[in-house]
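Visitor: The structure that follows is given in the form of structure tokens.
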Amino acid sequence: MKKQLQKLLYQSLQAIKSEGMEISIEKEDIKIEYTRDLIHGDFASNIAMLLAKKNKCNPRELANKISENLPQTDFIARTEIAGPGFINFFLNQNAYLSVVLDILEKGTSFGNSNIGNNQPILIEFVSANPTGPLHIGHGRGAAYGDAISNLLNKIGFDVDREYYVNDSGRQMNILTLSIWLRYLELMGKKINFPEKAYQGDYIKKIAHEIKEKYADEFLISNIQSLNLSNNKNDEEEMLDSMINSCINELGEEKYTVIHKISLDSILTSIKKDLSDFGVTFDKWFSENSLMKTDSLNKCVSKLEINSKIYEKDGAKWFRSSDYGDEKDRVIMRENGQSTYFASDIAYHVSKYERKYKKIINIWGADHHGYIPRVKASIEALGYSPKVLEILLVQFAALFRGKKKLQMSTRSGQFVTLKELVMEVGKDAARFFYVMRKSEQHLDFDIELAKSESNDNPVYYIQYAHARICSVFNQMKEKKYAFTKIKNISDLSVLDEPQEISLLSSLAKYPDVIESSAITYEPHQLAYYLKELANYFHTYYNANQFLVDDEKLRNARLSLIDATRQVIKDGLLQLGVSSPEKM
RNA sequence: GCCCUGAUAGCUCAGCUGGAUAGAGCGUCCCCCUCCUAAGGGGAAGGCCAGAGGUUCGAAUCCUCUUCAGGGCGCCA
């Protein structure tokens with residue numbers, strides 16, 4: 001509808017232009033907005049005020065002129081000039097009513113568009129290290145990423161969801177060590193378990209599984225070699241030396257077995273937690289595969305050829321400062337190991353090589369300092385940094401009551417996503433997460449989320465859906481007939497104010513979807529659904545649907561049937577279910 | 001120190017690329033089921049949009065500064 005009005009205004013302006021007035025504006029720049037109040041009509045444009053400024057003429061006069069030159073249409077009842085020079089558009093009833101037909105006809109595809117033109121787009125999100133269960137912060141990224149994926153899909157992009165698995169590197173070694181030490185404990189050895197190793201109970205559980213399956217296969221004779229290195233000077237150094245002795249004592253082969261079991265076990269539970277949360281990925285991209293296929297080395301040598309790398313203090317540095325980063329970054333450490341950043345470069349190259357037209361990363365906001373160097377590496381390798389869009393999600397600060405919980409994966413103190421979903425339910429958790437702007441800090445009080453779960457807005461929306469379903473059930477019980485309406489004239493009896501409000505709200509849905517998708521702001525959709533549910537509840541309280549007048553009954557049932565469709569589809573985009581009974 | 005984010009009703013937050021009297025939920029106070037689920041609806045009270053300048057027909061929205069809050073600045077990931 002906005003686009004149609006835009007077109008009309010453009011045509012009118014062209015007509016005025018041919019009369020000699022100087023007007024230069026692109027059709028896309030003509031702004032149409034929803035009015036806040038229906039007394040100002042349905043849509044308004046400020047175009048006259050904008051052009052009046054440039055041409056130094058009276059905005060109201062210009063507005064009049066534009067209005068007079070608008071082509072005739074069958075959906076505009078009238079226009080009005082208001083305030084300093086707004087052009088207000090009043091739609092005629094048919095324009096409203098047609099949305100019901102449109103929704104019922106299109107069903108789940110109502111609100112779809114082809115803005116994306118089937119372009120392939122990659123969305124990478126969550127990507128938590130496989131060193132422990134997902135916690136509440138990851139849940140936000142998961143809910144947000146999935147909602148955006150759904151929305152972009154709905155406006156015609158070909159979306160791939162990807163999870164980047166950091167399955168190599170030091171963190172994984174610490175994990176392997178932690179599990180092995182717990183295993184040794186289970187085998188009756190006395191172990192000095194380092195504070196900075198992973199402490200969670202899940203470590204012991206995996207150790208136990210290994211014991212069950214492999215018995216004493218990973219037992220070593222001299223535990224002393226481990227504890228000898230236990231000097232308290234530097235915990236981190238101690239971990240590294242313990243990892244080394246672990247590999248030495250076990251041998252590369254056995255170490256790899258434990259490494260793999262640990263990784264598989266944790267990854268499996270991460271996948272399970274996510275799928276219980278309604279989030280599934282098209283691809284789990286392994287960091288390790290970048291090493292295996294040598295693509296990491298290729299990236300480094302390519303940068304070296306372009307002389308974007310130099311050596312200092314025995315390490316290799318990438319000249320990211322050439323591309324606006326604060327300083328240069330190490331990609332190859334003095335000890336010969338590549339950094340996380342090096343893998344990340346190779347990973348992004350892989351994304352570009354897979355020919356995505358748009359690449360979206362969803363990161364925790366604590367990684368924002370990372371953006372310039374990643375963009376720098378992309379540019380240095382000859383790719384367009386514009387294709388890559390990095391969206392930041394603030395982590396949730398956790399509260400239990402008034403007490404803030406400190407979270408740390410290593411110390412094993414955290415509330416997991418799984419626990420959250422068990423406490424507040426999937427629907428509430430998903431909706432809560434996307435209800436607010438992603439870059440806003442979120443104080444997630446678990447107690448509050450639990451205690452208020454009955455007042456949760458998600459139930460309000462779901463309730464509207466369930467109520468509509470209930471009306472249709474009642475209809476059957478009361479033996480009322482419902483014949484599908486065929487044309488607009490069947491709906492012409494809908495003229496109650498609550499009906500007009502509801503119709504007008506339904507008509508906005510495609511615009512809301514589009515806007516939520518292209519701005520990556522699913523909270524817009526969440527707010528819209530609350531508003532839509534409110535219009536419905538108001539309607540419900542003010543009018544009876546199951547009336548004897550057949551024409552009225554059919555029209556009203558069609559209207560709420562369309563409402564049901566939009567609520568269900570909107571919730572679906574956010575990963576929230578639409579129960580038929582509550 | 002430098003760089004991000006944010007600051008709107010008692011609380012939690014919306015407010016779309018500047019637009020008409022600043023919105024919602026919760027909480028508080030009234031009212032509404034002989035009726036399709038009251039997990040609902042209607043109404044009232046409640047705001048110097050952190051502060052100060054600037055840009056213009058017009059600013060919660062854009063620019064600058066100040067104050068406050070959270071986060072980031074590793075050969076960690």
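Going through the structure tokens in order, the chains are called A, B, and so on, while each chain numbers its residues from 1 and the ligands are numbered from 1 in the order shown.
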With only C-alpha atoms (C1' of nucleotides) counted and 6 Å as the cut-off, give the residues of chain B in contact with chain A, each with its shortest interatomic distance in Å and the pair that gives it, as a tab-separated table.
Guide:
residue	atom	partner	partner_atom	distance
B:C36	C1'	A:Val471	CA	4.9
B:G41	C1'	A:Asn541	CA	5.5
B:G72	C1'	A:Gly369	CA	5.9
B:C75	C1'	A:Arg333	CA	4.7
Visitor: Could you write out the selected residues, including C-alpha atoms (C1' of nucleotides), as a tab-separated table (two decimals), in the first residue's frame?
Guide:
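So again.tsv came out as:
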chain	number	residue	atom	x	y	z
B	36	C	C1'	-17.75	-17.38	21.75
B	41	G	C1'	-11.70	-5.66	27.93
B	72	G	C1'	35.86	-3.55	24.85
B	75	C	C1'	51.42	-13.97	20.80
Visitor: Could you pull out the alpha helix (DSSP H) residues of region 37-134 of chain A from DSSP and send them as a VMD selection string?
Guide: chain A and resid 47 to 55 59 to 68 93 to 106
Visitor: CA of Lys260 (chain A) to CA of Lys292 (chain A): how many Å, to one decimal?
Guide: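 Computing the Euclidean distance for CA of Lys260 (chain A) and CA of Lys292 (chain A) yields 15.3 Å.
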Visitor: How many Å lie between CA of Leu417 (chain A) and CA of Ala142 (chain A), rounded to one decimal?
Guide: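 Those two atoms sit 10.1 Å apart.
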Visitor: Could you please determine the separation between CA of Tyr96 (chain A) and CA of Lys568 (chain A) in Å, to one decimal place?
Guide: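 The value is 20.6 Å.
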Visitor: As a ChimeraX atom specification, please: all residues of region 72-169 of chain A that backbone DSSP puts in strand (DSSP E).
Guide: /A:76-82,86-91,120-124,158-165
Visitor: Taking N, CA and C atoms for each residue, export the selection above as a PDB file, in the first residue's frame.
Guide:
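So the final result, stored in selection20.pdb, reads:
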ATOM      1  N   ILE A  76      -8.538   4.997  -2.647  1.00  0.00           N
ATOM      2  CA  ILE A  76      -8.464   6.190  -1.807  1.00  0.00           C
ATOM      3  C   ILE A  76      -9.828   6.873  -1.775  1.00  0.00           C
ATOM      4  N   ALA A  77     -10.347   7.037  -0.568  1.00  0.00           N
ATOM      5  CA  ALA A  77     -11.642   7.703  -0.434  1.00  0.00           C
ATOM      6  C   ALA A  77     -11.473   9.204  -0.613  1.00  0.00           C
ATOM      7  N   ARG A  78     -10.469   9.751   0.068  1.00  0.00           N
ATOM      8  CA  ARG A  78     -10.217  11.183  -0.059  1.00  0.00           C
ATOM      9  C   ARG A  78      -8.860  11.520   0.528  1.00  0.00           C
ATOM     10  N   THR A  79      -8.403  12.730   0.230  1.00  0.00           N
ATOM     11  CA  THR A  79      -7.170  13.215   0.855  1.00  0.00           C
ATOM     12  C   THR A  79      -7.486  14.508   1.567  1.00  0.00           C
ATOM     13  N   GLU A  80      -6.634  14.839   2.508  1.00  0.00           N
ATOM     14  CA  GLU A  80      -6.832  16.054   3.291  1.00  0.00           C
ATOM     15  C   GLU A  80      -5.479  16.725   3.489  1.00  0.00           C
ATOM     16  N   ILE A  81      -5.505  18.034   3.505  1.00  0.00           N
ATOM     17  CA  ILE A  81      -4.265  18.731   3.837  1.00  0.00           C
ATOM     18  C   ILE A  81      -4.384  19.152   5.296  1.00  0.00           C
ATOM     19  N   ALA A  82      -3.380  18.828   6.070  1.00  0.00           N
ATOM     20  CA  ALA A  82      -3.494  19.112   7.496  1.00  0.00           C
ATOM     21  C   ALA A  82      -2.195  19.665   8.045  1.00  0.00           C
ATOM     22  N   PHE A  86       0.881  18.411   5.757  1.00  0.00           N
ATOM     23  CA  PHE A  86       0.782  16.966   5.566  1.00  0.00           C
ATOM     24  C   PHE A  86      -0.303  16.659   4.554  1.00  0.00           C
ATOM     25  N   ILE A  87      -0.066  15.654   3.750  1.00  0.00           N
ATOM     26  CA  ILE A  87      -1.146  15.142   2.909  1.00  0.00           C
ATOM     27  C   ILE A  87      -1.619  13.847   3.550  1.00  0.00           C
ATOM     28  N   ASN A  88      -2.834  13.844   4.027  1.00  0.00           N
ATOM     29  CA  ASN A  88      -3.373  12.646   4.670  1.00  0.00           C
ATOM     30  C   ASN A  88      -4.242  11.867   3.699  1.00  0.00           C
ATOM     31  N   PHE A  89      -4.036  10.575   3.681  1.00  0.00           N
ATOM     32  CA  PHE A  89      -4.813   9.717   2.799  1.00  0.00           C
ATOM     33  C   PHE A  89      -5.821   8.915   3.607  1.00  0.00           C
ATOM     34  N   PHE A  90      -7.054   8.954   3.169  1.00  0.00           N
ATOM     35  CA  PHE A  90      -8.086   8.127   3.790  1.00  0.00           C
ATOM     36  C   PHE A  90      -8.456   7.024   2.811  1.00  0.00           C
ATOM     37  N   LEU A  91      -8.267   5.804   3.240  1.00  0.00           N
ATOM     38  CA  LEU A  91      -8.599   4.689   2.364  1.00  0.00           C
ATOM     39  C   LEU A  91     -10.109   4.440   2.393  1.00  0.00           C
ATOM     40  N   PRO A 120      21.541 -15.897  -2.140  1.00  0.00           N
ATOM     41  CA  PRO A 120      22.039 -16.691  -1.017  1.00  0.00           C
ATOM     42  C   PRO A 120      22.649 -15.804   0.060  1.00  0.00           C
ATOM     43  N   ILE A 121      22.293 -16.084   1.294  1.00  0.00           N
ATOM     44  CA  ILE A 121      22.775 -15.264   2.397  1.00  0.00           C
ATOM     45  C   ILE A 121      23.161 -16.191   3.533  1.00  0.00           C
ATOM     46  N   LEU A 122      24.282 -15.915   4.145  1.00  0.00           N
ATOM     47  CA  LEU A 122      24.784 -16.781   5.213  1.00  0.00           C
ATOM     48  C   LEU A 122      24.636 -16.079   6.552  1.00  0.00           C
ATOM     49  N   ILE A 123      24.059 -16.770   7.504  1.00  0.00           N
ATOM     50  CA  ILE A 123      23.962 -16.205   8.843  1.00  0.00           C
ATOM     51  C   ILE A 123      24.669 -17.130   9.817  1.00  0.00           C
ATOM     52  N   GLU A 124      25.735 -16.622  10.384  1.00  0.00           N
ATOM     53  CA  GLU A 124      26.472 -17.418  11.357  1.00  0.00           C
ATOM     54  C   GLU A 124      26.113 -16.916  12.743  1.00  0.00           C
ATOM     55  N   ASP A 158      17.664 -16.577   0.294  1.00  0.00           N
ATOM     56  CA  ASP A 158      17.934 -17.997   0.449  1.00  0.00           C
ATOM     57  C   ASP A 158      18.935 -18.133   1.604  1.00  0.00           C
ATOM     58  N   VAL A 159      18.407 -18.405   2.788  1.00  0.00           N
ATOM     59  CA  VAL A 159      19.206 -18.301   4.009  1.00  0.00           C
ATOM     60  C   VAL A 159      19.868 -19.621   4.408  1.00  0.00           C
ATOM     61  N   ASP A 160      21.162 -19.568   4.680  1.00  0.00           N
ATOM     62  CA  ASP A 160      21.857 -20.699   5.292  1.00  0.00           C
ATOM     63  C   ASP A 160      22.277 -20.322   6.707  1.00  0.00           C
ATOM     64  N   ARG A 161      21.977 -21.198   7.647  1.00  0.00           N
ATOM     65  CA  ARG A 161      22.362 -20.957   9.042  1.00  0.00           C
ATOM     66  C   ARG A 161      23.588 -21.784   9.357  1.00  0.00           C
ATOM     67  N   GLU A 162      24.561 -21.146   9.959  1.00  0.00           N
ATOM     68  CA  GLU A 162      25.806 -21.852  10.208  1.00  0.00           C
ATOM     69  C   GLU A 162      26.323 -21.614  11.626  1.00  0.00           C
ATOM     70  N   TYR A 163      26.920 -22.649  12.159  1.00  0.00           N
ATOM     71  CA  TYR A 163      27.531 -22.606  13.493  1.00  0.00           C
ATOM     72  C   TYR A 163      29.001 -22.899  13.310  1.00  0.00           C
ATOM     73  N   TYR A 164      29.843 -21.997  13.739  1.00  0.00           N
ATOM     74  CA  TYR A 164      31.291 -22.174  13.609  1.00  0.00           C
ATOM     75  C   TYR A 164      31.800 -22.866  14.867  1.00  0.00           C
ATOM     76  N   VAL A 165      32.383 -24.032  14.682  1.00  0.00           N
ATOM     77  CA  VAL A 165      32.823 -24.830  15.826  1.00  0.00           C
ATOM     78  C   VAL A 165      34.320 -24.656  16.057  1.00  0.00           C
TER      79      VAL A 165
END
